[in-house]
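Chemist: Data file final_9.csv (CSV, C-alpha atoms) is appended below.
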chain,number,residue,atom,x,y,z
A,1,MET,CA,-5.1,8.6,15.4
A,2,ASN,CA,-8.3,7.7,13.4
A,3,ASP,CA,-9.4,6.3,10.1
A,4,MET,CA,-9.3,9.8,8.5
A,5,VAL,CA,-5.5,9.6,8.6
A,6,SER,CA,-4.2,7.6,5.7
A,7,ARG,CA,-2.1,4.6,6.4
A,8,ARG,CA,0.6,5.9,4.0
A,9,GLY,CA,0.6,9.3,5.9
A,10,PHE,CA,0.8,7.4,9.2
A,11,LEU,CA,3.9,5.6,8.0
A,12,THR,CA,5.5,8.8,6.8
A,13,GLY,CA,4.8,10.5,10.1
A,14,LEU,CA,6.6,7.7,11.9
A,15,GLY,CA,9.7,8.1,9.7
A,16,ALA,CA,9.3,4.5,8.5
A,17,VAL,CA,9.7,3.3,12.1
A,18,GLY,CA,7.2,1.1,13.9
A,19,LEU,CA,5.6,1.9,17.2
A,20,PHE,CA,8.3,-0.1,19.0
A,21,GLY,CA,11.3,1.1,17.0
A,22,HIS,CA,11.3,-1.7,14.5
A,23,LYS,CA,11.9,-0.7,10.9
A,24,VAL,CA,8.7,-0.9,8.8
A,25,PHE,CA,8.8,-2.9,5.6
A,26,ALA,CA,5.9,-2.3,3.2
A,27,ALA,CA,5.3,-2.4,-0.5
A,28,PRO,CA,3.7,0.7,-2.0
A,29,HIS,CA,0.0,0.5,-2.9
A,30,GLY,CA,0.5,2.5,-6.0
A,31,ALA,CA,2.4,-0.3,-7.6
A,32,PHE,CA,-0.7,-2.4,-8.0
A,33,SER,CA,-4.1,-2.5,-9.8
A,34,ASN,CA,-7.2,-0.7,-8.6
A,35,GLY,CA,-10.6,-2.2,-7.9
A,36,GLU,CA,-12.4,-4.3,-5.4
A,37,PRO,CA,-10.6,-7.3,-3.8
A,38,ASN,CA,-11.7,-10.8,-4.7
A,39,LEU,CA,-11.9,-11.8,-1.0
A,40,ARG,CA,-12.0,-10.0,2.3
A,41,PHE,CA,-11.7,-11.7,5.6
A,42,ALA,CA,-11.1,-11.0,9.3
A,43,LEU,CA,-8.1,-12.3,11.1
A,44,MET,CA,-7.9,-12.6,14.8
A,45,SER,CA,-6.8,-15.0,17.6
A,46,ASP,CA,-6.9,-15.6,21.3
A,47,VAL,CA,-10.5,-14.4,22.0
A,48,HIS,CA,-10.5,-16.0,25.4
A,49,ILE,CA,-14.2,-15.7,26.3
A,50,SER,CA,-13.7,-16.0,30.0
A,51,MET,CA,-15.9,-17.0,33.0
A,52,LYS,CA,-15.6,-14.4,35.8
A,53,ILE,CA,-17.5,-13.8,39.0
A,54,LYS,CA,-19.7,-10.7,39.1
A,55,ASP,CA,-22.3,-10.0,41.8
A,56,GLY,CA,-21.7,-13.4,43.2
A,57,LYS,CA,-22.5,-15.2,40.0
A,58,TRP,CA,-20.5,-16.6,37.1
A,59,HIS,CA,-20.6,-14.5,33.9
A,60,ASN,CA,-19.0,-14.6,30.5
A,61,ASP,CA,-18.1,-11.3,28.7
A,62,ALA,CA,-18.1,-11.2,24.9
A,63,THR,CA,-18.0,-7.4,24.7
A,64,LYS,CA,-14.6,-7.2,22.8
A,65,PHE,CA,-15.5,-10.0,20.5
A,66,ILE,CA,-18.9,-8.5,19.5
A,67,HIS,CA,-17.3,-5.1,19.0
A,68,THR,CA,-14.6,-6.5,16.8
A,69,LEU,CA,-17.0,-8.6,14.8
A,70,LYS,CA,-19.2,-5.6,14.1
A,71,TRP,CA,-16.2,-3.6,12.8
A,72,PHE,CA,-15.4,-6.4,10.4
A,73,ARG,CA,-19.0,-6.9,9.4
A,74,ASP,CA,-19.1,-3.3,8.3
A,75,LYS,CA,-16.1,-4.0,6.1
A,76,LYS,CA,-18.2,-6.5,4.1
A,77,ILE,CA,-16.0,-9.5,4.9
A,78,ASP,CA,-16.5,-13.0,3.5
A,79,ALA,CA,-15.1,-15.0,6.3
A,80,VAL,CA,-13.7,-14.8,9.9
A,81,VAL,CA,-10.4,-16.5,10.7
A,82,ILE,CA,-9.8,-17.2,14.4
A,83,ALA,CA,-6.5,-18.9,15.2
A,84,GLY,CA,-7.4,-20.6,18.4
A,85,ASP,CA,-8.1,-20.1,22.1
A,86,LEU,CA,-11.7,-19.3,21.6
A,87,ALA,CA,-12.5,-19.9,25.3
A,88,ASN,CA,-10.3,-19.2,28.3
A,89,TYR,CA,-11.1,-22.1,30.6
A,90,GLY,CA,-12.3,-24.6,27.9
A,91,MET,CA,-15.8,-24.6,29.2
A,92,ILE,CA,-18.8,-25.2,27.0
A,93,GLU,CA,-20.6,-22.3,28.7
A,94,GLU,CA,-17.8,-19.9,27.4
A,95,LEU,CA,-18.2,-21.2,23.8
A,96,GLU,CA,-22.0,-20.9,24.1
A,97,VAL,CA,-21.5,-17.2,24.8
A,98,MET,CA,-19.1,-17.0,21.8
A,99,ALA,CA,-21.6,-18.7,19.5
A,100,ALA,CA,-24.4,-16.4,20.7
A,101,ALA,CA,-22.2,-13.4,20.0
A,102,TRP,CA,-21.5,-14.7,16.5
A,103,GLU,CA,-25.2,-15.2,15.9
A,104,LYS,CA,-25.9,-11.7,17.1
A,105,VAL,CA,-23.6,-10.1,14.6
A,106,PHE,CA,-24.0,-12.7,11.8
A,107,PRO,CA,-27.4,-14.4,12.3
A,108,GLY,CA,-27.6,-17.6,10.3
A,109,ASP,CA,-23.9,-17.0,9.3
A,110,LYS,CA,-25.2,-14.1,7.1
A,111,ALA,CA,-24.1,-10.5,6.6
A,112,PRO,CA,-26.8,-7.8,6.5
A,113,ASP,CA,-26.9,-8.0,2.7
A,114,GLY,CA,-27.6,-11.7,2.8
A,115,ARG,CA,-24.1,-13.0,1.9
A,116,LYS,CA,-22.7,-16.0,3.8
A,117,VAL,CA,-19.9,-15.3,6.2
A,118,GLU,CA,-17.8,-18.4,6.7
A,119,LYS,CA,-16.4,-19.5,10.0
A,120,ILE,CA,-12.7,-20.5,9.9
A,121,PHE,CA,-12.2,-21.3,13.5
A,122,VAL,CA,-9.6,-23.6,15.1
A,123,THR,CA,-9.1,-24.5,18.8
A,124,GLY,CA,-6.1,-23.8,20.9
A,125,ASN,CA,-4.6,-25.0,24.2
A,126,HIS,CA,-7.1,-23.1,26.3
A,127,ASP,CA,-10.0,-24.7,24.6
A,128,TRP,CA,-8.6,-28.2,25.4
A,129,GLU,CA,-6.7,-27.7,28.6
A,130,GLY,CA,-8.3,-24.6,30.1
A,131,PRO,CA,-10.3,-26.7,32.7
A,132,ILE,CA,-7.1,-27.6,34.5
A,133,TYR,CA,-5.7,-24.0,34.5
A,134,SER,CA,-5.9,-21.7,37.5
A,135,GLY,CA,-5.5,-24.6,39.9
A,136,GLY,CA,-8.1,-26.8,38.3
A,137,PHE,CA,-10.8,-24.3,37.2
A,138,SER,CA,-13.5,-26.7,36.2
A,139,LYS,CA,-13.0,-28.8,39.4
A,140,GLN,CA,-13.5,-25.8,41.5
A,141,LEU,CA,-16.5,-24.7,39.6
A,142,TYR,CA,-18.1,-28.2,39.4
A,143,PRO,CA,-16.9,-30.5,42.2
A,144,ASP,CA,-19.2,-33.3,41.0
A,145,PRO,CA,-17.1,-35.2,38.4
A,146,ILE,CA,-20.2,-36.3,36.4
A,147,VAL,CA,-21.4,-32.7,36.0
A,148,ARG,CA,-17.9,-31.5,35.4
A,149,LYS,CA,-17.4,-33.9,32.5
A,150,GLU,CA,-20.6,-32.6,30.8
A,151,LYS,CA,-19.3,-29.0,31.0
A,152,GLU,CA,-15.8,-29.4,29.6
A,153,PHE,CA,-15.4,-28.8,25.9
A,154,TYR,CA,-12.6,-31.2,25.0
A,155,VAL,CA,-14.5,-34.1,26.4
A,156,ASN,CA,-17.6,-33.3,24.3
A,157,ARG,CA,-15.9,-31.5,21.4
A,158,ALA,CA,-17.6,-33.3,18.5
A,159,LYS,CA,-21.2,-32.9,19.9
A,160,ALA,CA,-20.6,-29.4,21.3
A,161,TRP,CA,-19.0,-28.1,18.1
A,162,GLU,CA,-21.8,-29.2,15.9
A,163,LYS,CA,-24.4,-27.9,18.3
A,164,LEU,CA,-22.7,-24.5,18.8
A,165,PHE,CA,-21.3,-23.8,15.3
A,166,GLY,CA,-23.6,-25.9,13.1
A,167,GLU,CA,-20.8,-27.9,11.5
A,168,LYS,CA,-18.9,-31.2,12.0
A,169,TYR,CA,-15.8,-31.1,14.2
A,170,GLU,CA,-12.9,-32.4,12.2
A,171,PRO,CA,-9.2,-32.4,13.5
A,172,ILE,CA,-8.2,-30.8,10.1
A,173,TYR,CA,-10.6,-29.5,7.5
A,174,SER,CA,-10.8,-27.2,4.5
A,175,LYS,CA,-13.4,-24.7,3.2
A,176,THR,CA,-13.6,-22.8,0.0
A,177,VAL,CA,-14.5,-19.1,0.2
A,178,ARG,CA,-15.0,-17.2,-3.1
A,179,GLY,CA,-12.7,-19.6,-4.8
A,180,TYR,CA,-9.9,-19.6,-2.2
A,181,THR,CA,-9.0,-22.6,0.0
A,182,PHE,CA,-8.7,-22.3,3.8
A,183,ILE,CA,-7.3,-25.2,5.8
A,184,GLY,CA,-7.8,-25.3,9.6
A,185,GLN,CA,-6.1,-27.6,12.1
A,186,HIS,CA,-7.4,-27.9,15.6
A,187,TRP,CA,-5.4,-28.4,18.8
A,188,ASP,CA,-5.0,-32.0,19.9
A,189,PRO,CA,-4.0,-34.1,22.9
A,190,LYS,CA,-0.4,-34.5,21.8
A,191,ALA,CA,0.0,-30.8,21.0
A,192,TRP,CA,2.0,-29.9,24.1
A,193,LYS,CA,4.7,-32.5,23.5
A,194,GLY,CA,7.4,-30.3,22.0
A,195,CYS,CA,4.8,-27.5,22.0
A,196,GLY,CA,2.8,-29.0,19.2
A,197,PHE,CA,3.1,-31.6,16.5
A,198,PHE,CA,0.3,-30.4,14.2
A,199,GLY,CA,1.4,-33.1,11.8
A,200,LEU,CA,-2.0,-33.6,10.1
A,201,VAL,CA,-1.2,-30.9,7.6
A,202,LYS,CA,1.6,-33.0,6.1
A,203,LYS,CA,-0.7,-35.7,4.8
A,204,PHE,CA,-3.5,-33.3,4.1
A,205,THR,CA,-1.4,-31.1,1.8
A,206,GLU,CA,0.2,-34.1,0.2
A,207,GLU,CA,-3.1,-35.6,-0.8
A,208,ARG,CA,-4.3,-32.2,-2.2
A,209,ALA,CA,-1.0,-31.1,-3.7
A,210,ALA,CA,-2.3,-30.7,-7.3
A,211,GLU,CA,-5.3,-28.7,-6.1
A,212,LEU,CA,-3.2,-26.4,-3.8
A,213,SER,CA,-0.3,-25.8,-6.1
A,214,GLY,CA,-0.2,-22.7,-8.3
A,215,ALA,CA,-0.1,-18.9,-8.2
A,216,ARG,CA,-3.4,-18.5,-6.3
A,217,PRO,CA,-2.8,-18.3,-2.5
A,218,PHE,CA,-4.3,-20.7,-0.1
A,219,PHE,CA,-4.6,-20.1,3.7
A,220,TYR,CA,-3.7,-22.3,6.6
A,221,VAL,CA,-4.6,-21.8,10.2
A,222,GLN,CA,-3.4,-23.3,13.4
A,223,HIS,CA,-2.9,-22.0,17.0
A,224,PRO,CA,0.8,-22.0,17.8
A,225,PRO,CA,3.3,-20.2,15.5
A,226,LEU,CA,4.9,-22.4,12.9
A,227,LYS,CA,8.5,-23.2,13.8
A,228,ALA,CA,11.1,-20.6,12.7
A,229,THR,CA,8.7,-18.4,10.9
A,230,CYS,CA,7.0,-15.2,12.2
A,231,ASN,CA,8.3,-13.6,15.3
A,232,GLY,CA,11.7,-15.3,15.0
A,233,PRO,CA,13.3,-18.6,15.8
A,234,LYS,CA,12.8,-18.1,19.5
A,235,ALA,CA,9.1,-17.3,19.4
A,236,TRP,CA,7.3,-18.6,22.4
A,237,GLY,CA,5.2,-21.7,22.0
A,238,GLN,CA,6.0,-22.6,18.4
A,239,ASP,CA,5.4,-26.1,17.1
A,240,VAL,CA,8.0,-28.7,16.2
A,241,GLY,CA,8.2,-27.9,12.5
A,242,ILE,CA,6.1,-30.4,10.7
A,243,ALA,CA,3.7,-27.7,9.4
A,244,THR,CA,6.6,-25.5,8.3
A,245,LYS,CA,8.2,-28.4,6.3
A,246,ALA,CA,4.8,-29.3,4.8
A,247,LEU,CA,4.0,-25.8,3.7
A,248,SER,CA,7.5,-25.1,2.4
A,249,LYS,CA,6.5,-27.1,-0.7
A,250,PHE,CA,3.9,-24.4,-1.6
A,251,SER,CA,5.2,-20.8,-2.2
A,252,ASN,CA,1.5,-19.7,-2.4
A,253,ALA,CA,0.7,-20.9,1.1
A,254,VAL,CA,-0.1,-18.2,3.7
A,255,ALA,CA,-0.1,-19.5,7.3
A,256,PHE,CA,-1.8,-17.7,10.2
A,257,SER,CA,-1.2,-18.5,13.9
A,258,GLY,CA,-1.8,-17.0,17.4
A,259,HIS,CA,-0.8,-18.2,20.8
A,260,THR,CA,2.1,-15.9,21.5
A,261,HIS,CA,0.0,-12.7,21.9
A,262,TYR,CA,2.8,-10.8,20.1
A,263,THR,CA,1.7,-7.3,18.9
A,264,LEU,CA,1.1,-6.6,15.2
A,265,THR,CA,3.3,-3.5,15.5
A,266,ASP,CA,6.3,-5.9,15.7
A,267,GLU,CA,7.5,-6.2,12.1
A,268,THR,CA,8.6,-9.7,12.7
A,269,SER,CA,4.9,-10.7,12.9
A,270,ILE,CA,5.1,-11.3,9.2
A,271,TRP,CA,7.6,-13.6,7.6
A,272,GLN,CA,8.4,-14.8,4.1
A,273,ASP,CA,10.7,-17.5,2.8
A,274,ALA,CA,9.5,-20.7,1.2
A,275,PHE,CA,5.9,-19.5,2.0
A,276,THR,CA,4.4,-16.6,4.0
A,277,ALA,CA,3.5,-16.7,7.7
A,278,VAL,CA,1.6,-14.1,9.7
A,279,ASN,CA,1.0,-13.7,13.5
A,280,ALA,CA,-2.7,-12.9,14.1
A,281,SER,CA,-2.0,-11.3,17.6
A,282,SER,CA,-4.7,-11.4,20.3
A,283,LEU,CA,-8.1,-10.0,21.2
A,284,TRP,CA,-7.4,-10.7,24.9
A,285,TYR,CA,-4.2,-8.8,25.5
A,286,THR,CA,-0.9,-8.3,23.6
A,287,GLY,CA,2.7,-8.4,24.8
A,288,LYS,CA,5.9,-7.1,23.3
A,289,PRO,CA,8.0,-8.8,22.5
A,290,ASN,CA,6.2,-11.5,24.4
A,291,LEU,CA,3.7,-11.8,27.2
A,292,PHE,CA,6.3,-12.7,29.8
A,293,GLN,CA,8.3,-9.5,29.5
A,294,PRO,CA,7.2,-6.1,31.0
A,295,VAL,CA,5.4,-3.6,28.8
A,296,SER,CA,6.4,0.0,28.7
A,297,PRO,CA,3.9,2.2,30.6
A,298,LYS,CA,4.3,4.7,27.8
A,299,THR,CA,3.0,2.5,25.1
A,300,LYS,CA,0.4,0.6,27.3
A,301,MET,CA,0.2,-2.0,24.5
A,302,HIS,CA,-0.3,-4.9,26.9
A,303,ASN,CA,-4.1,-4.5,27.2
A,304,THR,CA,-4.8,-3.7,23.6
A,305,THR,CA,-7.0,-6.0,21.3
A,306,GLN,CA,-5.6,-6.5,17.9
A,307,GLY,CA,-6.5,-8.2,14.6
A,308,ALA,CA,-6.3,-7.6,10.9
A,309,LEU,CA,-8.4,-7.1,7.8
A,310,VAL,CA,-7.1,-9.2,4.9
A,311,GLU,CA,-7.9,-8.2,1.4
A,312,VAL,CA,-7.0,-10.5,-1.5
A,313,TYR,CA,-6.6,-9.1,-5.0
A,314,ASP,CA,-5.3,-10.7,-8.2
A,315,ASP,CA,-1.9,-9.1,-7.7
A,316,ARG,CA,-1.5,-8.7,-4.0
A,317,ILE,CA,-2.7,-9.5,-0.4
A,318,VAL,CA,-3.2,-6.5,1.8
A,319,ILE,CA,-3.1,-7.0,5.6
A,320,VAL,CA,-4.6,-4.0,7.4
A,321,ARG,CA,-3.3,-4.0,11.0
A,322,ARG,CA,-5.9,-2.9,13.4
A,323,GLN,CA,-6.5,-2.2,17.1
A,324,PHE,CA,-10.0,-2.5,18.7
A,325,MET,CA,-11.3,-0.7,21.8
A,326,PRO,CA,-10.1,1.9,21.0
A,327,ASP,CA,-10.4,1.6,17.3
A,328,GLU,CA,-7.2,2.7,15.6
A,329,THR,CA,-5.0,1.9,12.7
A,330,LEU,CA,-1.8,0.3,14.1
A,331,ALA,CA,0.7,0.7,11.3
A,332,GLU,CA,1.2,0.8,7.6
A,333,ASP,CA,-0.5,-2.1,5.7
A,334,TRP,CA,1.6,-5.1,4.9
A,335,VAL,CA,1.3,-5.7,1.2
A,336,VAL,CA,2.3,-9.1,-0.2
A,337,PRO,CA,2.7,-9.1,-4.0
A,338,LEU,CA,1.2,-12.0,-6.0
A,339,PRO,CA,2.4,-14.4,-7.1
A,340,VAL,CA,4.6,-14.6,-4.0
A,341,LYS,CA,7.1,-16.9,-5.7
A,342,GLU,CA,8.3,-14.0,-7.8
A,343,ASN,CA,8.4,-11.2,-5.1
A,344,LYS,CA,8.9,-11.5,-1.4
A,345,PRO,CA,9.4,-8.0,0.2
A,346,TYR,CA,9.3,-9.5,3.8
A,347,LYS,CA,11.9,-12.2,3.2
A,348,LYS,CA,14.6,-12.3,5.8
A,349,LYS,CA,13.4,-9.2,7.5
A,350,MET,CA,13.1,-11.0,10.7
A,351,LEU,CA,14.8,-9.7,13.8
A,352,SER,CA,16.6,-12.0,16.1
Could you rewrite the structure in this file as structure tokens?

Modeler:
Amino acid sequence: MNDMVSRRGFLTGLGAVGLFGHKVFAAPHGAFSNGEPNLRFALMSDVHISMKIKDGKWHNDATKFIHTLKWFRDKKIDAVVIAGDLANYGMIEELEVMAAAWEKVFPGDKAPDGRKVEKIFVTGNHDWEGPIYSGGFSKQLYPDPIVRKEKEFYVNRAKAWEKLFGEKYEPIYSKTVRGYTFIGQHWDPKAWKGCGFFGLVKKFTEERAAELSGARPFFYVQHPPLKATCNGPKAWGQDVGIATKALSKFSNAVAFSGHTHYTLTDETSIWQDAFTAVNASSLWYTGKPNLFQPVSPKTKMHNTTQGALVEVYDDRIVIVRRQFMPDETLAEDWVVPLPVKENKPYKKKMLS
């Protein structure tokens, strides 16, 4: 399959059934206006830049990340959304490799034509707690506690973030890109209690309610899935529900999350009810229906790297589901009509 095959034709060829047998729900493109989108951005999660031993030395590999960024760059995006787990072991060295990869593709945060490309990055559990994974990774790598403390991201997050990404580290923040608001909430020390409080969004959205309300969508990003939204009520690693309750006051909210590594070919990866929620999948590996269950040798989806191109028009949001390395279209676009309050084609399409 390649880009010469239309996504509409691809859906027809599948007989309106996804790669894993789930029914595909999509709104027809022909029902909407033509023209260029107001906003284009990349959506991905779980990059997991990872330290590995090669030729007796420690190395970090950003090959997949660079390849993916280049594909999005050529689509003339305005921003890149990454929903957490930037590094695998939470080491500053891993994030240095990530920052260098970003600079290679978007030097000075600029596209080739000089446009600014905004970073909408949030951290995940691996960025904070990765040093203790794999039997105490950082302790094995740096036995000296003084040296080790200097190498771990979460200990030095404010200073490291500003140095690496050129901006202040804030637990929750907002940015405006081409007139659209993005809100990002980082992982925090309390996040594992109940698999994630992520409660800062409640106060944040309450204080900005007048600004956020309306027909124009705004976008919210955190690492774990919001409780009882995309991928079903039993989705692995979902938060405790504060974010879901807070965003339920805004029908124009679109939430992105990662963490589960669920594939984008699973039609439960998009959800609509009081607001819209979308699973960003994973650049590291994907699992179906989750990473703890075996993957069919026939589909071989476990090792794929997935993300989405999101295009925002006046009357719709188009989510182009994509696989990288190899580059392939995954399935028919998800098309969310705007304003979402009036039309929700993905409402209650979730599978148990």

Chemist: Do a neighbour search on region 199-210 of chain A at 12 Å with only C-alpha atoms, toss out local chain neighbours closer than 5 positions, and write the hits as a PyMOL selection string.

Modeler: chain A and resi 170-174+181-188+190-191+218-222+226+239-250+252-253+255

Chemist: Would you list the contacts of Ala83 (chain A) as a list in words, taking every protein, DNA or RNA residue within 6 Å and counting only C-alpha atoms, but skipping same-chain residues closer than 6 positions in sequence?

Modeler: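 The contact residues come out as Ser45, Val122, Gln222, His223, Ser257 and Gly258 of chain A.
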
Chemist: For Phe137 (chain A), which residue out of A:Ala101, A:Leu39, A:Met51, A:Met44 is the nearest one, using all atoms listed in the file?

Modeler: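 The answer is A:Met51, which sits nearest to Phe137 (chain A).
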
Chemist: Of the candidates A:Ala87, A:Val340, A:Ala158, A:Val318, which shows the shortest atom-to-atom distance to Ser251 (chain A), using all atoms listed in the file?

Modeler: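 Closest candidate: A:Val340.
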
Chemist: Select, from A:Thr263, A:Ser213, A:Ser50, A:Thr276, the residue with the minimum atom-to-atom distance to Ala62 (chain A), counting only C-alpha atoms.

Modeler: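 For Ala62 (chain A), the nearest of the candidates is A:Ser50.
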
Chemist: Pick out the residues sitting within 12 Å of Ser134 (chain A), and hand them over as an mmCIF file with C-alpha atoms, keeping the file's coordinate frame; count all atoms listed in the file, and ignore anything fewer than 6 positions along from it in its own chain.

Modeler:
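Result written to out.cif:
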data_model
loop_
_atom_site.group_PDB
_atom_site.id
_atom_site.type_symbol
_atom_site.label_atom_id
_atom_site.label_comp_id
_atom_site.auth_asym_id
_atom_site.auth_seq_id
_atom_site.Cartn_x
_atom_site.Cartn_y
_atom_site.Cartn_z
ATOM 1 C CA MET A 51 -15.900 -17.000 33.000
ATOM 2 C CA ASN A 88 -10.300 -19.200 28.300
ATOM 3 C CA TYR A 89 -11.100 -22.100 30.600
ATOM 4 C CA GLY A 90 -12.300 -24.600 27.900
ATOM 5 C CA HIS A 126 -7.100 -23.100 26.300
ATOM 6 C CA GLN A 140 -13.500 -25.800 41.500
ATOM 7 C CA LEU A 141 -16.500 -24.700 39.600
#

Chemist: Would you mind reading off the distance between CA of Gly124 (chain A) and CA of Ala235 (chain A), one decimal, in Å?

Modeler: 16.6 Å

Chemist: Report as number ranges by chain all protein, DNA and RNA residues lying within 12 Å of Met98 (chain A), evaluated on all atoms listed in the file, omitting residues in the same chain fewer than 4 positions from it.

Modeler: A: 47-51, 60-66, 69, 82, 85-88, 90-94, 102-106, 121, 161, 164-165

Chemist: Kindly provide, as a list in words, the polymer residues lying within 9 Å of (12.6, -26.2, 18.3), counting only C-alpha atoms and using the coordinates exactly as they appear in the file.

Modeler: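 Within 9 Å of (12.6, -26.2, 18.3), the protein and nucleic acid residues are Gly194, Cys195, Lys227, Ala228, Pro233, Lys234, Gln238, Asp239, Val240 and Gly241 of chain A.
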
Chemist: Please indicate the distance in Å from CA of Glu267 (chain A) to CA of His67 (chain A), rounded to one decimal place.

Modeler: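 Atom-to-atom, CA of Glu267 (chain A) to CA of His67 (chain A), that is 25.8 Å.
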
Chemist: Which one is closest to Thr305 (chain A): A:Thr68, A:Thr265, A:Asn34, A:Asn156? Count only C-alpha atoms.

Modeler: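 So, comparing all the options, the nearest one is A:Thr68.
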
Chemist: Figure out the distance between CA of Arg178 (chain A) and CA of Asp113 (chain A), please, to one decimal in Å.

Modeler: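 Pair CA of Asp113 (chain A) / CA of Arg178 (chain A) returns 16.1 Å.
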
Chemist: Find the spatial neighbours of Val336 (chain A), counting only C-alpha atoms, within a cut-off of 10 Å - ignore same-chain residues fewer than 5 positions away - and output them as a compact mmCIF listing (two decimals) with C-alpha atoms, keeping the file's coordinate frame.

Modeler:
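Output saved as out_38.txt:
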# COMPACT_ATOMS: atom_id res chain seq x y z
CA ALA A 26 5.90 -2.30 3.20
CA ALA A 27 5.30 -2.40 -0.50
CA GLN A 272 8.40 -14.80 4.10
CA THR A 276 4.40 -16.60 4.00
CA VAL A 312 -7.00 -10.50 -1.50
CA ASP A 315 -1.90 -9.10 -7.70
CA ARG A 316 -1.50 -8.70 -4.00
CA ILE A 317 -2.70 -9.50 -0.40
CA VAL A 318 -3.20 -6.50 1.80
CA ILE A 319 -3.10 -7.00 5.60
CA ASN A 343 8.40 -11.20 -5.10
CA LYS A 344 8.90 -11.50 -1.40
CA PRO A 345 9.40 -8.00 0.20
CA TYR A 346 9.30 -9.50 3.80

Chemist: Rank nothing, just name the residue among A:Tyr180, A:Ser281, A:Trp71, A:Trp128 nearest to Val155 (chain A), using all atoms listed in the file.

Modeler: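 The answer is A:Trp128, which sits nearest to Val155 (chain A).
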
Chemist: Under the rule that only C-alpha atoms are counted, which of A:Pro339, A:Pro143, A:Glu129, A:Glu311 is the nearest residue to Ile77 (chain A)?

Modeler: A:Glu311

Chemist: Can you rebuild region 236-240 of chain A with all heavy atoms and give it as a PDB file, keeping the file's coordinate frame?

Modeler:
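File written: rebuild.pdb
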ATOM      1  N   TRP A 236       7.857 -17.740  21.361  1.00  0.00           N
ATOM      2  CA  TRP A 236       7.300 -18.600  22.400  1.00  0.00           C
ATOM      3  C   TRP A 236       6.210 -19.510  21.881  1.00  0.00           C
ATOM      4  O   TRP A 236       5.340 -19.093  21.137  1.00  0.00           O
ATOM      5  CB  TRP A 236       6.730 -17.718  23.535  1.00  0.00           C
ATOM      6  CG  TRP A 236       6.079 -18.505  24.611  1.00  0.00           C
ATOM      7  CD1 TRP A 236       6.692 -19.191  25.613  1.00  0.00           C
ATOM      8  CD2 TRP A 236       4.676 -18.706  24.796  1.00  0.00           C
ATOM      9  NE1 TRP A 236       5.766 -19.802  26.421  1.00  0.00           N
ATOM     10  CE2 TRP A 236       4.514 -19.524  25.932  1.00  0.00           C
ATOM     11  CE3 TRP A 236       3.539 -18.272  24.104  1.00  0.00           C
ATOM     12  CZ2 TRP A 236       3.266 -19.920  26.407  1.00  0.00           C
ATOM     13  CZ3 TRP A 236       2.288 -18.672  24.574  1.00  0.00           C
ATOM     14  CH2 TRP A 236       2.164 -19.483  25.705  1.00  0.00           C
ATOM     15  N   GLY A 237       6.258 -20.792  22.277  1.00  0.00           N
ATOM     16  CA  GLY A 237       5.200 -21.700  22.000  1.00  0.00           C
ATOM     17  C   GLY A 237       5.067 -22.220  20.588  1.00  0.00           C
ATOM     18  O   GLY A 237       4.032 -22.765  20.193  1.00  0.00           O
ATOM     19  N   GLN A 238       6.125 -22.101  19.779  1.00  0.00           N
ATOM     20  CA  GLN A 238       6.000 -22.600  18.400  1.00  0.00           C
ATOM     21  C   GLN A 238       5.977 -24.104  18.341  1.00  0.00           C
ATOM     22  O   GLN A 238       6.349 -24.789  19.293  1.00  0.00           O
ATOM     23  CB  GLN A 238       7.217 -22.053  17.592  1.00  0.00           C
ATOM     24  CG  GLN A 238       8.577 -22.491  18.088  1.00  0.00           C
ATOM     25  CD  GLN A 238       9.702 -21.819  17.305  1.00  0.00           C
ATOM     26  OE1 GLN A 238       9.850 -22.042  16.113  1.00  0.00           O
ATOM     27  NE2 GLN A 238      10.476 -20.984  17.976  1.00  0.00           N
ATOM     28  N   ASP A 239       5.509 -24.619  17.217  1.00  0.00           N
ATOM     29  CA  ASP A 239       5.400 -26.100  17.100  1.00  0.00           C
ATOM     30  C   ASP A 239       6.722 -26.700  16.737  1.00  0.00           C
ATOM     31  O   ASP A 239       7.751 -26.024  16.733  1.00  0.00           O
ATOM     32  CB  ASP A 239       4.302 -26.404  16.011  1.00  0.00           C
ATOM     33  CG  ASP A 239       4.699 -25.991  14.596  1.00  0.00           C
ATOM     34  OD1 ASP A 239       5.895 -25.732  14.345  1.00  0.00           O
ATOM     35  OD2 ASP A 239       3.816 -25.949  13.725  1.00  0.00           O
ATOM     36  N   VAL A 240       6.702 -28.001  16.442  1.00  0.00           N
ATOM     37  CA  VAL A 240       8.000 -28.700  16.200  1.00  0.00           C
ATOM     38  C   VAL A 240       8.478 -28.671  14.810  1.00  0.00           C
ATOM     39  O   VAL A 240       9.569 -29.158  14.531  1.00  0.00           O
ATOM     40  CB  VAL A 240       7.842 -30.192  16.687  1.00  0.00           C
ATOM     41  CG1 VAL A 240       7.515 -30.279  18.162  1.00  0.00           C
ATOM     42  CG2 VAL A 240       6.803 -30.926  15.847  1.00  0.00           C
TER      43      VAL A 240
END
